[in-house]
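Peer 1: Before we start, here is the structure in question, set down as structure tokens.
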2 protein chains.
Amino acid sequence: METQEITVKEHIIQTATRLFHEQGYNLTGINQIIDEAGVAKASLYYHFPSKEDLCVAYLQRRNNIWLAGLDGFLKGIRDPKQKIIKTFDYRALHLEKNHFGGCSYIKIISEIPQRGEKIDQQVVLQKEKQRNFFSELTGQIEEVKKKAEALADTIFLLFDGGTVQCQVYRDTAPIETAKKAVIQLLREY
Amino acid sequence: METQEITVKEHIIQTATRLFHEQGYNLTGINQIIDEAGVAKASLYYHFPSKEDLCVAYLQRRNNIWLAGLDGFLKGIRDPKQKIIKTFDYRALHLEKNHFGGCSYIKIISEIPQRGEKIDQQVVLQKEKQRNFFSELTGQIEEVKKKAEALADTIFLLFDGGTVQCQVYRDTAPIETAKKAVIQLLREY
DNA sequence: AAAAATGTAGACAGACTTGTCTACATACTC
DNA sequence: GAGTATGTAGACAAGTCTGTCTACATTTTT
């Protein structure tokens with residue numbers, strides 16, 4: 001386990017991530033996951049008590065990877081305004097790479113309507129993390145201090161709006177439009 | 001048939017609408033629809049060749065009702081800017097009434113990943129109708145003429161962003177924030 | 001060397017799914 | 001009055017689903 005970097009558990013999550021995102025959660029069966037991952041069913045249920053728990057792990061991991069990748073993409077940029085704008089470029093690349101599958105979190109709560117349960121809680125948690133990313137940056141813009149939270153909210157709306165419309169139209173145009181709107185918004189300060 | 005206003009077919013669509021929106025498309029079975037509608041299975045398949053076709057009918061009907069209801073809500077308002085702003089108020093009411101279930105079209109393409117098929121085409125069609133609603137109004141704002149399309153795009157981004165975030169947070173706050181951003185945007189002209 | 005952790009392979013239960021089919025009833029049109 | 005359209009009731013096929021279980025293999029830790 002220490003010798004090979006990728007464990008069976010990790011391999012299961014990676015396969016589940018791909019399938020959940022490409023086909024959706026409800027249309028992806030446990031049997032397909034173990035087939036494509038090349039593992040035994042007992043191995044999946046050894047690491048994850050249920051499909052629901054596997055989904056929670058997928059949601060956590062996905063945002064961690066997104067935020068880490070974004071961090072690398074923004075490396076070297078100091079200006080918080082530029083960081084915000086560049087985040088939309090990263091989003092465009094990410095959406096294209098993921099075949100315009102949309103936002104994992106919005107997708108999953110569209111499939112799983114039971115509110116207050118594990119998956120729902122995880123979605124709210126991860127979306128809050130995404131919002132906080134923007135509000136930390138708007139808080140660093142000197143001229144804006146008092147309106148930092150409201151500005152972050154508006155940027156986050158454009159971010160999610162762009163993401164879901166890219167999903168609908170299978171094109172990066174909406175997120176590019178969102179980026180332009182954000183640039184305009186930041187120019188006011 | 002002519003005597004009673006609500007036909008069996010209509011009753012099926014209404015029940016499907018409620019269930020598709022509350023539980024999601026994939027988690028709602030044909031059997032549940034006919035049980036709750038109180039109709040026979042053969043009646044459903046008499047009016048709709050398949051579940052997919054029922055879904056298309058649901059998507060069409062839903063936007064027609066939304067746009068008709070919106071039209072009534074905006075009756076008496078002349079100023080296109082005010083119409084746009086009031087649309088966000090109507091959206092808030094609508095989302096609350098529908099228990100923050102989000103946008104039917106974004107939900108359904110999150111569940112059904114097969115692009116290019118009937119349902120997918122219907123989603124793109126209805127989202128285009130929604131976008132056109134805004135672009136017709138921005139086209140009526142005298143001062144803005146040349147930027148009308150770009151302005152409509154930004155408003156539509158805020159509209160969808162607000163809608164999906166209301167779904168995540170089960171609160172009208174995001175669509176209210178979107179409304180404020182739109183007001184700010186329109187003040188520039 | 002014994003024990004615990006982690007793995008494979010696949011049968012099985014019980015419940016669900018969409019769509020087809022038979023058999024029959026009612027209502028409206030010609 | 002015959003024919004068509006629309007309706008009910010429910011069995012059925014053929015497939016899917018999640019999760020449990022048995023039986024056994026390999027690796028790691030104690």
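As shown in the structure tokens, the chain order sets the letters A, B, ...; within each chain, residues go from 1, and ligands are also counted from 1 in the order they appear.
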Using only C-alpha atoms (C1' of nucleotides), which residues sit within 12 Å of DG10 of chain C once same-chain residues fewer than 5 positions away are excluded, as a count of residues only?

Peer 2: 7

Peer 1: Against chain B, which residues of chain A fall within 10 Å? For each one I want the closest pair of atoms and the distance in Å (one decimal), counting only C-alpha atoms, rows by chain and increasing residue number, as CSV.

Peer 2:
```
residue,atom,partner,partner_atom,distance
A:His21,CA,B:Ser110,CA,9.1
A:Glu22,CA,B:Pro113,CA,6.9
A:Gln23,CA,B:Pro113,CA,5.6
A:Gly24,CA,B:Glu111,CA,5.8
A:Tyr25,CA,B:Glu111,CA,7.9
A:Asn26,CA,B:Asn26,CA,7.0
A:Leu27,CA,B:Glu111,CA,7.9
A:Gly101,CA,B:Ser110,CA,7.9
A:Gly102,CA,B:Ser110,CA,7.8
A:Cys103,CA,B:Ser110,CA,9.1
A:Ser104,CA,B:Ser110,CA,9.0
A:Tyr105,CA,B:Val168,CA,8.4
A:Ile106,CA,B:Val164,CA,7.0
A:Lys107,CA,B:Ser110,CA,5.0
A:Ile108,CA,B:Ser110,CA,7.7
A:Ile109,CA,B:Val168,CA,7.4
A:Ser110,CA,B:Lys107,CA,5.0
A:Glu111,CA,B:Gly24,CA,5.8
A:Ile112,CA,B:Gly24,CA,7.3
A:Pro113,CA,B:Gln23,CA,5.6
A:Gln114,CA,B:Gln23,CA,8.1
A:Arg115,CA,B:Arg170,CA,9.2
A:Asp120,CA,B:Val168,CA,8.3
A:Gln121,CA,B:Val168,CA,9.7
A:Val123,CA,B:Val168,CA,7.5
A:Val124,CA,B:Val168,CA,6.4
A:Lys127,CA,B:Val168,CA,8.2
A:Glu128,CA,B:Tyr169,CA,9.7
A:Ala150,CA,B:Thr177,CA,7.8
A:Leu151,CA,B:Ala181,CA,9.1
A:Asp153,CA,B:Thr177,CA,7.3
A:Thr154,CA,B:Ala181,CA,6.7
A:Ile155,CA,B:Leu158,CA,9.4
A:Phe156,CA,B:Gly161,CA,8.0
A:Leu157,CA,B:Gly161,CA,4.6
A:Leu158,CA,B:Leu158,CA,5.8
A:Phe159,CA,B:Gly161,CA,7.4
A:Asp160,CA,B:Gly161,CA,5.1
A:Gly161,CA,B:Gly161,CA,3.7
A:Gly162,CA,B:Leu157,CA,6.1
A:Thr163,CA,B:Gly161,CA,8.6
A:Val164,CA,B:Ile106,CA,7.0
A:Gln165,CA,B:Leu157,CA,7.6
A:Gln167,CA,B:Ile109,CA,8.1
A:Val168,CA,B:Val124,CA,6.4
A:Tyr169,CA,B:Val124,CA,6.9
A:Arg170,CA,B:Arg115,CA,9.3
A:Pro174,CA,B:Leu157,CA,7.6
A:Ile175,CA,B:Leu157,CA,8.9
A:Thr177,CA,B:Thr154,CA,6.9
A:Ala178,CA,B:Thr154,CA,6.7
A:Lys179,CA,B:Thr154,CA,9.9
A:Lys180,CA,B:Thr154,CA,9.0
A:Ala181,CA,B:Thr154,CA,6.7
A:Val182,CA,B:Thr154,CA,9.8
A:Gln184,CA,B:Leu185,CA,9.8
A:Leu185,CA,B:Leu185,CA,8.9
```

Peer 1: Please produce, as a tab-separated table, a per-residue contact table for chain D versus chain A (criterion: any atom at most 10 Å away, only C-alpha atoms (C1' of nucleotides) considered), showing the nearest atom pair and its distance in Å to one decimal, sorted by chain then residue number.

Peer 2:
```
residue	atom	partner	partner_atom	distance
D:DT16	C1'	A:Gly29	CA	9.1
D:DC17	C1'	A:Gly29	CA	7.2
D:DT18	C1'	A:Ile30	CA	7.6
D:DG19	C1'	A:Ser50	CA	8.0
D:DT20	C1'	A:Ala42	CA	9.6
D:DC21	C1'	A:Ala42	CA	9.9
D:DT27	C1'	A:Met1	CA	9.2
D:DT28	C1'	A:Met1	CA	9.2
```

Peer 1: Identify all chain C residues at most 10 Å from chain B by counting only C-alpha atoms (C1' of nucleotides); ligands do not count. Present them as a list in words.

Peer 2: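 Matching residues, ligands excluded from the count: DC16, DT17, DT18, DG19, DT20, DC21, DA27 and DC28 of chain C.
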
Peer 1: Could you give me the residues within segment 12-162 of chain A that DSSP places in alpha helix (DSSP H), as a PyMOL selection string?

Peer 2: chain A and resi 12-23+30-37+41-47+51-73+80-97+104-111+118-138+148-162

Peer 1: Restricting the output to C-alpha atoms, write the selected residues as an mmCIF file, in the first residue's frame.

Peer 2:
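Output contents, as saved in selection-v9.cif:
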```
data_model
loop_
_atom_site.group_PDB
_atom_site.id
_atom_site.type_symbol
_atom_site.label_atom_id
_atom_site.label_comp_id
_atom_site.auth_asym_id
_atom_site.auth_seq_id
_atom_site.Cartn_x
_atom_site.Cartn_y
_atom_site.Cartn_z
ATOM 1 C CA ILE A 12 -12.789 3.482 -6.788
ATOM 2 C CA ILE A 13 -13.332 7.184 -6.081
ATOM 3 C CA GLN A 14 -11.689 8.183 -9.349
ATOM 4 C CA THR A 15 -13.883 5.831 -11.347
ATOM 5 C CA ALA A 16 -16.979 6.942 -9.459
ATOM 6 C CA THR A 17 -16.045 10.570 -10.085
ATOM 7 C CA ARG A 18 -15.817 10.029 -13.808
ATOM 8 C CA LEU A 19 -19.077 8.087 -13.996
ATOM 9 C CA PHE A 20 -21.083 10.260 -11.623
ATOM 10 C CA HIS A 21 -20.078 13.315 -13.589
ATOM 11 C CA GLU A 22 -20.553 11.854 -17.066
ATOM 12 C CA GLN A 23 -23.719 9.814 -16.525
ATOM 13 C CA ILE A 30 -22.453 0.103 -8.233
ATOM 14 C CA ASN A 31 -21.873 -2.773 -10.639
ATOM 15 C CA GLN A 32 -20.646 -0.460 -13.379
ATOM 16 C CA ILE A 33 -18.276 1.276 -10.979
ATOM 17 C CA ILE A 34 -16.647 -1.980 -9.847
ATOM 18 C CA ASP A 35 -16.510 -3.315 -13.400
ATOM 19 C CA GLU A 36 -14.769 -0.241 -14.778
ATOM 20 C CA ALA A 37 -12.536 0.130 -11.743
ATOM 21 C CA LYS A 41 -17.863 -5.567 -5.022
ATOM 22 C CA ALA A 42 -16.753 -6.524 -1.527
ATOM 23 C CA SER A 43 -13.815 -4.128 -1.885
ATOM 24 C CA LEU A 44 -16.129 -1.228 -2.602
ATOM 25 C CA TYR A 45 -18.331 -2.026 0.364
ATOM 26 C CA TYR A 46 -15.249 -2.564 2.492
ATOM 27 C CA HIS A 47 -14.164 1.051 1.947
ATOM 28 C CA LYS A 51 -23.315 4.345 -2.399
ATOM 29 C CA GLU A 52 -24.356 7.469 -0.523
ATOM 30 C CA ASP A 53 -21.075 7.493 1.414
ATOM 31 C CA LEU A 54 -19.120 6.996 -1.791
ATOM 32 C CA CYS A 55 -20.936 10.007 -3.176
ATOM 33 C CA VAL A 56 -19.986 12.136 -0.178
ATOM 34 C CA ALA A 57 -16.333 11.147 -0.631
ATOM 35 C CA TYR A 58 -16.593 12.049 -4.312
ATOM 36 C CA LEU A 59 -18.033 15.472 -3.531
ATOM 37 C CA GLN A 60 -15.319 16.239 -0.989
ATOM 38 C CA ARG A 61 -12.499 15.071 -3.199
ATOM 39 C CA ARG A 62 -13.752 16.921 -6.244
ATOM 40 C CA ASN A 63 -13.731 20.336 -4.600
ATOM 41 C CA ASN A 64 -10.351 19.714 -2.984
ATOM 42 C CA ILE A 65 -8.872 18.944 -6.379
ATOM 43 C CA TRP A 66 -10.613 21.930 -7.948
ATOM 44 C CA LEU A 67 -9.324 24.330 -5.312
ATOM 45 C CA ALA A 68 -5.812 22.862 -5.428
ATOM 46 C CA GLY A 69 -5.727 23.101 -9.217
ATOM 47 C CA LEU A 70 -7.009 26.642 -9.064
ATOM 48 C CA ASP A 71 -4.322 27.533 -6.547
ATOM 49 C CA GLY A 72 -1.663 26.303 -8.946
ATOM 50 C CA PHE A 73 -3.239 28.187 -11.835
ATOM 51 C CA PRO A 80 -6.938 39.956 -5.883
ATOM 52 C CA LYS A 81 -8.907 41.423 -8.804
ATOM 53 C CA GLN A 82 -6.714 39.588 -11.282
ATOM 54 C CA LYS A 83 -7.061 36.404 -9.252
ATOM 55 C CA ILE A 84 -10.840 36.628 -9.464
ATOM 56 C CA ILE A 85 -10.774 37.228 -13.201
ATOM 57 C CA LYS A 86 -8.297 34.424 -13.797
ATOM 58 C CA THR A 87 -10.545 32.080 -11.838
ATOM 59 C CA PHE A 88 -13.078 32.400 -14.651
ATOM 60 C CA ASP A 89 -10.402 31.425 -17.171
ATOM 61 C CA TYR A 90 -9.626 28.371 -15.089
ATOM 62 C CA ARG A 91 -13.321 27.588 -14.942
ATOM 63 C CA ALA A 92 -13.605 27.710 -18.713
ATOM 64 C CA LEU A 93 -10.703 25.273 -19.092
ATOM 65 C CA HIS A 94 -12.149 23.018 -16.409
ATOM 66 C CA LEU A 95 -15.643 22.933 -17.945
ATOM 67 C CA GLU A 96 -14.230 22.141 -21.378
ATOM 68 C CA LYS A 97 -12.040 19.387 -19.956
ATOM 69 C CA SER A 104 -21.092 18.541 -9.582
ATOM 70 C CA TYR A 105 -22.897 20.005 -6.583
ATOM 71 C CA ILE A 106 -25.805 21.535 -8.433
ATOM 72 C CA LYS A 107 -26.103 18.361 -10.472
ATOM 73 C CA ILE A 108 -26.243 16.105 -7.464
ATOM 74 C CA ILE A 109 -28.917 18.070 -5.596
ATOM 75 C CA SER A 110 -30.928 18.015 -8.809
ATOM 76 C CA GLU A 111 -30.812 14.236 -8.647
ATOM 77 C CA LYS A 118 -25.514 13.558 4.108
ATOM 78 C CA ILE A 119 -25.201 14.399 0.431
ATOM 79 C CA ASP A 120 -27.220 17.585 0.738
ATOM 80 C CA GLN A 121 -25.114 18.752 3.682
ATOM 81 C CA GLN A 122 -21.938 18.083 1.755
ATOM 82 C CA VAL A 123 -23.202 20.091 -1.211
ATOM 83 C CA VAL A 124 -23.958 23.121 0.951
ATOM 84 C CA LEU A 125 -20.567 22.787 2.647
ATOM 85 C CA GLN A 126 -18.620 22.669 -0.602
ATOM 86 C CA LYS A 127 -20.603 25.499 -2.194
ATOM 87 C CA GLU A 128 -19.835 27.602 0.869
ATOM 88 C CA LYS A 129 -16.139 26.865 0.361
ATOM 89 C CA GLN A 130 -16.415 28.102 -3.198
ATOM 90 C CA ARG A 131 -18.156 31.275 -2.084
ATOM 91 C CA ASN A 132 -15.545 31.861 0.609
ATOM 92 C CA PHE A 133 -12.830 31.686 -1.996
ATOM 93 C CA PHE A 134 -14.324 34.750 -3.674
ATOM 94 C CA SER A 135 -15.134 36.615 -0.472
ATOM 95 C CA GLU A 136 -11.560 36.255 0.778
ATOM 96 C CA LEU A 137 -10.347 37.863 -2.418
ATOM 97 C CA THR A 138 -12.905 40.675 -2.457
ATOM 98 C CA ALA A 148 -16.772 42.926 -0.002
ATOM 99 C CA GLU A 149 -19.400 40.348 0.907
ATOM 100 C CA ALA A 150 -22.017 41.693 -1.491
ATOM 101 C CA LEU A 151 -19.447 41.821 -4.279
ATOM 102 C CA ALA A 152 -18.416 38.233 -3.617
ATOM 103 C CA ASP A 153 -22.065 37.165 -3.736
ATOM 104 C CA THR A 154 -22.564 38.766 -7.144
ATOM 105 C CA ILE A 155 -19.382 37.228 -8.524
ATOM 106 C CA PHE A 156 -20.439 33.836 -7.207
ATOM 107 C CA LEU A 157 -23.822 34.220 -8.906
ATOM 108 C CA LEU A 158 -22.123 34.922 -12.220
ATOM 109 C CA PHE A 159 -19.798 31.988 -11.621
ATOM 110 C CA ASP A 160 -22.634 29.513 -11.061
ATOM 111 C CA GLY A 161 -24.821 31.049 -13.751
ATOM 112 C CA GLY A 162 -21.990 30.715 -16.238
#
```
